[in-house]
Every structure is written in C-alpha cells, then in structure tokens.
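Visitor: coords-v6.txt (compact mmCIF, C-alpha atoms) pasted underneath:
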```
# COMPACT_ATOMS: atom_id res chain seq x y z
CA MET D 1 11.07 -24.44 -10.35
CA ARG D 2 8.01 -22.45 -11.38
CA GLN D 3 7.24 -18.86 -10.44
CA ASN D 4 4.61 -18.93 -7.71
CA TRP D 5 4.44 -15.23 -6.79
CA GLN D 6 3.22 -11.93 -8.20
CA LEU D 7 5.39 -8.80 -8.14
CA PHE D 8 4.02 -5.27 -8.53
CA SER D 9 7.04 -3.08 -9.17
CA LYS D 10 6.98 0.33 -7.43
CA ASN D 11 3.18 0.39 -7.21
CA MET D 12 2.97 2.43 -4.01
CA SER D 13 3.89 6.08 -4.23
CA ASP D 14 6.65 7.50 -2.05
CA ASP D 15 4.01 9.64 -0.28
CA LEU D 16 1.92 6.57 0.60
CA VAL D 17 4.99 4.66 1.78
CA ASP D 18 6.10 7.60 3.93
CA ASN D 19 2.57 7.86 5.38
CA ILE D 20 2.64 4.15 6.33
CA ILE D 21 6.03 4.54 8.03
CA ASN D 22 4.77 7.58 9.99
CA LEU D 23 1.60 5.74 11.07
CA ALA D 24 3.55 2.69 12.24
CA GLY D 25 4.74 4.47 15.36
CA GLU D 26 6.89 2.82 17.98
CA THR D 27 8.06 -0.73 17.32
CA GLN D 28 8.73 -3.61 19.70
CA LYS D 29 10.75 -6.82 19.54
CA ALA D 30 9.07 -9.32 17.21
CA SER D 31 8.06 -12.86 18.11
CA THR D 32 7.09 -15.91 16.05
CA PHE D 33 4.66 -18.81 16.45
CA ASN D 34 7.47 -20.29 18.59
CA ASP D 35 7.92 -17.17 20.75
CA GLY D 36 10.77 -14.65 20.52
CA ASP D 37 13.83 -16.71 19.57
CA ASP D 38 16.44 -14.27 18.11
CA SER D 39 18.15 -17.12 16.26
CA VAL D 40 14.95 -17.49 14.20
CA ARG D 41 13.99 -13.84 13.88
CA SER D 42 15.50 -10.53 14.88
CA SER D 43 13.27 -7.60 13.97
CA ARG D 44 11.06 -4.91 15.44
CA VAL D 45 7.34 -4.63 14.62
CA SER D 46 4.18 -2.66 15.15
CA TRP D 47 0.67 -3.77 14.26
CA MET D 48 -1.38 -1.77 11.74
CA THR D 49 -4.42 -4.04 11.39
CA GLN D 50 -6.72 -1.26 12.69
CA HIS D 51 -6.20 0.81 9.51
CA ASP D 52 -9.04 -0.38 7.26
CA TRP D 53 -7.95 1.88 4.38
CA LEU D 54 -4.56 0.12 4.38
CA LYS D 55 -6.24 -3.28 4.36
CA ASP D 56 -8.28 -2.09 1.34
CA VAL D 57 -5.15 -1.02 -0.54
CA LEU D 58 -3.37 -4.30 0.16
CA PHE D 59 -6.43 -6.40 -0.62
CA ASN D 60 -6.78 -4.81 -4.07
CA PHE D 61 -3.31 -6.10 -5.03
CA THR D 62 -3.85 -9.44 -3.31
CA ASP D 63 -7.24 -10.00 -4.91
CA TRP D 64 -5.87 -9.20 -8.37
CA ALA D 65 -2.98 -11.63 -7.84
CA ASN D 66 -5.38 -14.26 -6.53
CA GLN D 67 -7.72 -13.96 -9.52
CA ASN D 68 -4.83 -14.09 -11.98
CA ALA D 69 -2.53 -16.67 -10.41
CA PHE D 70 -3.54 -18.42 -7.19
CA HIS D 71 -7.33 -19.02 -7.22
CA VAL D 72 -7.68 -19.68 -3.48
CA ASN D 73 -10.75 -19.06 -1.32
CA LEU D 74 -9.81 -15.71 0.22
CA TYR D 75 -11.51 -13.35 2.67
CA LYS D 76 -10.83 -9.65 3.09
CA LYS D 77 -9.53 -10.43 6.58
CA ALA D 78 -5.88 -9.84 7.42
CA ASP D 79 -3.37 -8.94 10.06
CA ILE D 80 -0.99 -6.16 9.02
CA GLN D 81 2.48 -5.70 10.48
CA PHE D 82 5.11 -3.01 9.99
CA THR D 83 8.59 -4.53 10.33
CA GLU D 84 12.09 -3.12 10.77
CA TYR D 85 15.28 -5.17 10.37
CA HIS D 86 18.19 -3.29 11.99
CA ALA D 87 21.77 -4.22 11.06
CA SER D 88 22.82 -3.13 14.57
CA GLU D 89 20.49 -5.83 15.99
CA GLY D 90 21.43 -8.57 13.50
CA GLY D 91 18.10 -8.09 11.68
CA HIS D 92 16.97 -11.20 9.80
CA TYR D 93 14.20 -13.83 9.58
CA ASN D 94 15.31 -17.42 8.99
CA TRP D 95 13.44 -19.85 6.74
CA HIS D 96 9.76 -20.04 7.66
CA HIS D 97 6.26 -20.13 6.22
CA ASP D 98 3.40 -17.87 7.30
CA VAL D 99 0.76 -20.52 8.06
CA ASP D 100 0.21 -21.47 11.71
CA TRP D 101 -0.75 -25.12 11.17
CA ASN D 102 -1.81 -25.35 14.86
CA ASN D 103 -4.36 -22.54 14.54
CA THR D 104 -7.82 -23.60 15.73
CA ASP D 105 -10.05 -20.69 14.63
CA GLY D 106 -11.08 -22.36 11.34
CA LEU D 107 -8.99 -19.97 9.22
CA ASP D 108 -5.55 -20.18 7.67
CA ARG D 109 -3.32 -17.55 6.16
CA LYS D 110 -3.76 -18.04 2.42
CA LEU D 111 -1.86 -15.22 0.69
CA SER D 112 0.99 -13.18 2.12
CA VAL D 113 1.84 -9.67 0.98
CA THR D 114 5.08 -7.82 1.57
CA VAL D 115 5.63 -4.18 0.66
CA GLN D 116 9.13 -2.73 0.43
CA LEU D 117 9.14 0.53 2.41
CA SER D 118 12.86 1.33 2.37
CA ASP D 119 14.81 2.67 -0.54
CA PRO D 120 17.51 0.10 -1.39
CA SER D 121 20.19 2.76 -0.73
CA GLU D 122 19.17 2.79 2.96
CA TYR D 123 20.42 -0.73 3.78
CA GLU D 124 22.52 -3.67 2.62
CA GLY D 125 21.59 -7.36 2.78
CA GLY D 126 17.98 -8.06 3.74
CA ASP D 127 17.19 -10.02 0.59
CA PHE D 128 13.79 -11.73 0.43
CA LEU D 129 14.18 -15.29 -0.91
CA PHE D 130 11.98 -18.35 -1.47
CA ASP D 131 13.06 -21.94 -0.86
CA GLU D 132 10.68 -24.06 -2.95
CA THR D 133 10.24 -21.76 -5.95
CA GLU D 134 12.30 -19.27 -7.93
CA SER D 135 12.80 -16.03 -6.00
CA PRO D 136 12.36 -12.63 -7.59
CA LYS D 137 15.73 -11.11 -8.38
CA PRO D 138 16.70 -8.92 -5.40
CA GLU D 139 17.05 -5.84 -7.60
CA LEU D 140 13.42 -6.31 -8.74
CA ALA D 141 11.99 -6.73 -5.23
CA LYS D 142 13.93 -3.95 -3.46
CA PRO D 143 12.64 -0.70 -5.00
CA LYS D 144 10.64 1.37 -2.53
CA GLY D 145 6.90 0.75 -3.02
CA THR D 146 7.27 -2.71 -4.59
CA ILE D 147 4.62 -5.27 -3.57
CA LEU D 148 5.09 -9.04 -3.55
CA VAL D 149 2.13 -11.46 -3.16
CA PHE D 150 2.63 -15.21 -2.63
CA PRO D 151 0.93 -18.27 -1.09
CA SER D 152 1.49 -18.23 2.67
CA TYR D 153 2.67 -21.85 2.72
CA LEU D 154 5.81 -21.04 0.68
CA LYS D 155 8.98 -21.20 2.74
CA HIS D 156 10.88 -17.89 2.64
CA THR D 157 13.57 -15.89 4.44
CA VAL D 158 14.94 -12.38 4.91
CA THR D 159 18.72 -12.58 4.87
CA PRO D 160 20.66 -10.63 7.50
CA VAL D 161 20.74 -6.86 7.10
CA THR D 162 24.42 -5.92 7.22
CA LYS D 163 24.09 -2.12 7.08
CA GLY D 164 21.25 0.30 7.86
CA VAL D 165 17.58 -0.54 8.39
CA ARG D 166 15.20 -2.44 6.08
CA LYS D 167 11.54 -1.48 6.55
CA SER D 168 8.63 -3.47 5.17
CA LEU D 169 4.93 -3.98 5.57
CA VAL D 170 3.50 -7.49 5.65
CA ALA D 171 -0.07 -8.73 5.63
CA TRP D 172 -1.59 -12.18 5.66
CA PHE D 173 -5.01 -12.57 4.07
CA CYS D 174 -7.01 -15.50 5.42
CA GLY D 175 -9.51 -18.00 4.13
CA PRO D 176 -10.91 -21.39 5.13
CA LYS D 177 -8.37 -23.93 6.45
CA TRP D 178 -6.08 -25.50 3.86
CA ALA D 179 -7.34 -28.99 3.05
```
Starting from the file, give its structure as structure tokens.
Guide:
Amino acid sequence: MRQNWQLFSKNMSDDLVDNIINLAGETQKASTFNDGDDSVRSSRVSWMTQHDWLKDVLFNFTDWANQNAFHVNLYKKADIQFTEYHASEGGHYNWHHDVDWNNTDGLDRKLSVTVQLSDPSEYEGGDFLFDETESPKPELAKPKGTILVFPSYLKHTVTPVTKGVRKSLVAWFCGPKWA
C-alpha cells in the first residue's frame, strides 16, 4: 500500500492547542451522516467553523499538502469540529470516510485534516488508522500539536479510547464534486 497522507509532526504550539481547547466550549453528542448511532460513533463535539483565523491556520497546512501530494481542486471552505472521545462513554469512531456522497450542494469534502490536541499521556487507545493505505505509526500521530492531512474519501477509524479523554480538531476542506 502507498502512503496517501501528509503528517506534520508537532507543528502547533502547546499555547495554540490550549487556546483551541478553551475556545471549543461545551460539547454535545456527535452524529454522523446516518444520525447518532453510538455503535458507529461515540464522541462529543462542538463546531468551530466561525473562527476564520483557525480556518486560515488549517488551510495553510492543507494547501501545502495539496500542492505537494494530492493536487485536487480545493477551496478555502471548510467545516471545523472539536471532538472529544471519552473512555467513560466508550469513545470511538468506526470505519468511515468523510465524503457525503448524497450531498447536493455541488461540493464534496476533498481533504480532511485532523489535529491531535491531547498529550498521549492523557489517554489510552484512540488510535487513528486507515483501511486502504498504510497508516501513520500511532506514536508518530499522537504527539500534541501533530497535524494529519489526507483525502476525504479514504476509509479511517478511531479505535476505542480505553482510558482518559482524546481531544482532536478536524476540518474538511471542500471543492467541486468528485468525478
């Protein structure tokens, strides 16, 4: 399998990560394209799309990855979600992709971005894995401030968190519908 992702190791400062966590505010039970089925996903989220400065930061990494690896038609348009996976709530996200193939607005999610907000000492489990391509080694993707960019159509999962809370930030940058 070929590597089809870009990893930026510890590229967000602890101060920036802490600021994001503080801005996230109160979370609520997450849902999916198929509603709120806990067997598919158990996590808590808050939306941060209104923070244009955060979109700018994430787009800089995404645009660099796109120019150097993916070469897709990409807009600086994204939804941004803060996510918590609590061990006490069976936190996980089963295999899925980030594209809503039934979307009718003329746009598709093209590149997904995930930012590790927790220090790896704060939780156990919660590994981010790909199905159709080689996954980054968990120890490379877990340091606080690490950013992972990948095509939104790649199937991926977050394994169950078995202790503590895993916090992350995800964004999905859009472009014209996939052909």
Visitor: With distances taken over only C-alpha atoms, which of D:Arg166, D:His97, D:Arg44, D:Arg109 is nearest to Lys144 in chain D?
Guide: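 Ranking D:Arg166, D:His97, D:Arg44, D:Arg109 by distance to Lys144 in chain D, first place goes to D:Arg166.
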Visitor: Counting all atoms listed in the file, which of D:Ser135, D:Glu84, D:Asn102, D:Gly125 gets nearest to Arg41 in chain D?
Guide: D:Glu84
Visitor: Just the residues within 8 Å of Val113 in chain D, please, counting all atoms listed in the file, with nothing from its chain fewer than 2 positions along; format it as a list of chain:residue names.
Guide: D:Leu58, D:Thr62, D:Leu111, D:Val115, D:Ile147, D:Leu148, D:Val149, D:Phe150, D:Leu169, D:Val170, D:Ala171, D:Trp172
Visitor: Could you list, as a short mmCIF file (atom, residue, chain, number, x, y, z; two decimals) with C-alpha atoms, keeping the file's coordinate frame, every residue within 12 Å of Asn22 in chain D, counting only C-alpha atoms and ignoring same-chain residues fewer than 6 positions away?
Guide:
```
data_model
loop_
_atom_site.label_atom_id
_atom_site.label_comp_id
_atom_site.auth_asym_id
_atom_site.auth_seq_id
_atom_site.Cartn_x
_atom_site.Cartn_y
_atom_site.Cartn_z
CA ASP D 15 4.01 9.64 -0.28
CA LEU D 16 1.92 6.57 0.60
CA SER D 46 4.18 -2.66 15.15
CA MET D 48 -1.38 -1.77 11.74
CA PHE D 82 5.11 -3.01 9.99
CA LEU D 117 9.14 0.53 2.41
CA LYS D 167 11.54 -1.48 6.55
#
```
Visitor: Within 8 Å of Lys55 in chain D, counting all atoms listed in the file, which residues show up once you throw out same-chain ones fewer than 3 positions away? Write them as JSON, numbers by chain, please.
Guide: {"D": [49, 51, 52, 58, 59, 76, 78, 80]}
Visitor: Got time to write the residues from that selection, C-alpha atoms, as an mmCIF file, keeping the file's coordinate frame?
Guide:
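This went into part_18.cif:
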```cif
data_model
loop_
_atom_site.group_PDB
_atom_site.id
_atom_site.type_symbol
_atom_site.label_atom_id
_atom_site.label_comp_id
_atom_site.auth_asym_id
_atom_site.auth_seq_id
_atom_site.Cartn_x
_atom_site.Cartn_y
_atom_site.Cartn_z
ATOM 1 C CA THR D 49 -4.420 -4.040 11.390
ATOM 2 C CA HIS D 51 -6.200 0.810 9.510
ATOM 3 C CA ASP D 52 -9.040 -0.380 7.260
ATOM 4 C CA LEU D 58 -3.370 -4.300 0.160
ATOM 5 C CA PHE D 59 -6.430 -6.400 -0.620
ATOM 6 C CA LYS D 76 -10.830 -9.650 3.090
ATOM 7 C CA ALA D 78 -5.880 -9.840 7.420
ATOM 8 C CA ILE D 80 -0.990 -6.160 9.020
#
```
Visitor: So which one's closest to Val17 in chain D, D:Asn68, D:Ser88, D:Pro143, D:Asp79? Using all atoms listed in the file, please.
Guide: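 Under the stated criterion, the closest residue is D:Pro143.
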Visitor: By how many Å are CA of Glu132 in chain D and CA of Asn73 in chain D apart?
Guide: 22.1 Å
Visitor: Pick out the closest residue to Ser9 in chain D from this set: D:Leu107, D:Cys174, D:Leu140, D:Val161. Count all atoms listed in the file.
Guide: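 Once distances to Ser9 in chain D are computed over all atoms listed in the file, the minimum belongs to D:Leu140.
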Visitor: Which one is closest to Trp95 in chain D: D:Thr157, D:Ser13, D:Ser168, D:Thr27? Count only C-alpha atoms.
Guide: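 Using only C-alpha atoms, Trp95 in chain D sits closest to D:Thr157.
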Visitor: Just checking: using all atoms listed in the file, which residue out of D:Ala87, D:Ile20, D:Ala69, D:Leu74 ends up closest to Trp53 in chain D?
Guide: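 For Trp53 in chain D, the nearest of the given residues is D:Ile20.
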Visitor: Interatomic distance between CA of Asp14 in chain D and CA of Trp47 in chain D?
Guide: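 Between these atoms lies a distance of 20.7 Å.
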Visitor: Give me, please, the distance in Å between CA of Gln28 in chain D and CA of Ser43 in chain D, quoted to one decimal.
Guide: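 Going from CA of Gln28 in chain D over to CA of Ser43 in chain D covers 8.3 Å.
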Visitor: Leaving out Val99 in chain D and any residue of its chain fewer than 5 positions from it, which residues lie within 7 Å of it when counting all atoms listed in the file, given as a PyMOL selection string?
Guide: chain D and resi 108-109+152-153
Visitor: Could you give me, as a PDB file with C-alpha atoms, in the frame of the given file, the residues within 8 Å of His156 in chain D, counting all atoms listed in the file and dropping anything in the same chain fewer than 6 positions from it?
Guide:
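And here's out-v4.pdb as it stands now:
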```pdb
ATOM      1  CA  ASN D  94      15.310 -17.420   8.990  1.00  0.00           C
ATOM      2  CA  TRP D  95      13.440 -19.850   6.740  1.00  0.00           C
ATOM      3  CA  HIS D  96       9.760 -20.040   7.660  1.00  0.00           C
ATOM      4  CA  HIS D  97       6.260 -20.130   6.220  1.00  0.00           C
ATOM      5  CA  PHE D 128      13.790 -11.730   0.430  1.00  0.00           C
ATOM      6  CA  LEU D 129      14.180 -15.290  -0.910  1.00  0.00           C
ATOM      7  CA  PHE D 130      11.980 -18.350  -1.470  1.00  0.00           C
ATOM      8  CA  ASP D 131      13.060 -21.940  -0.860  1.00  0.00           C
TER       9      ASP D 131
END
```
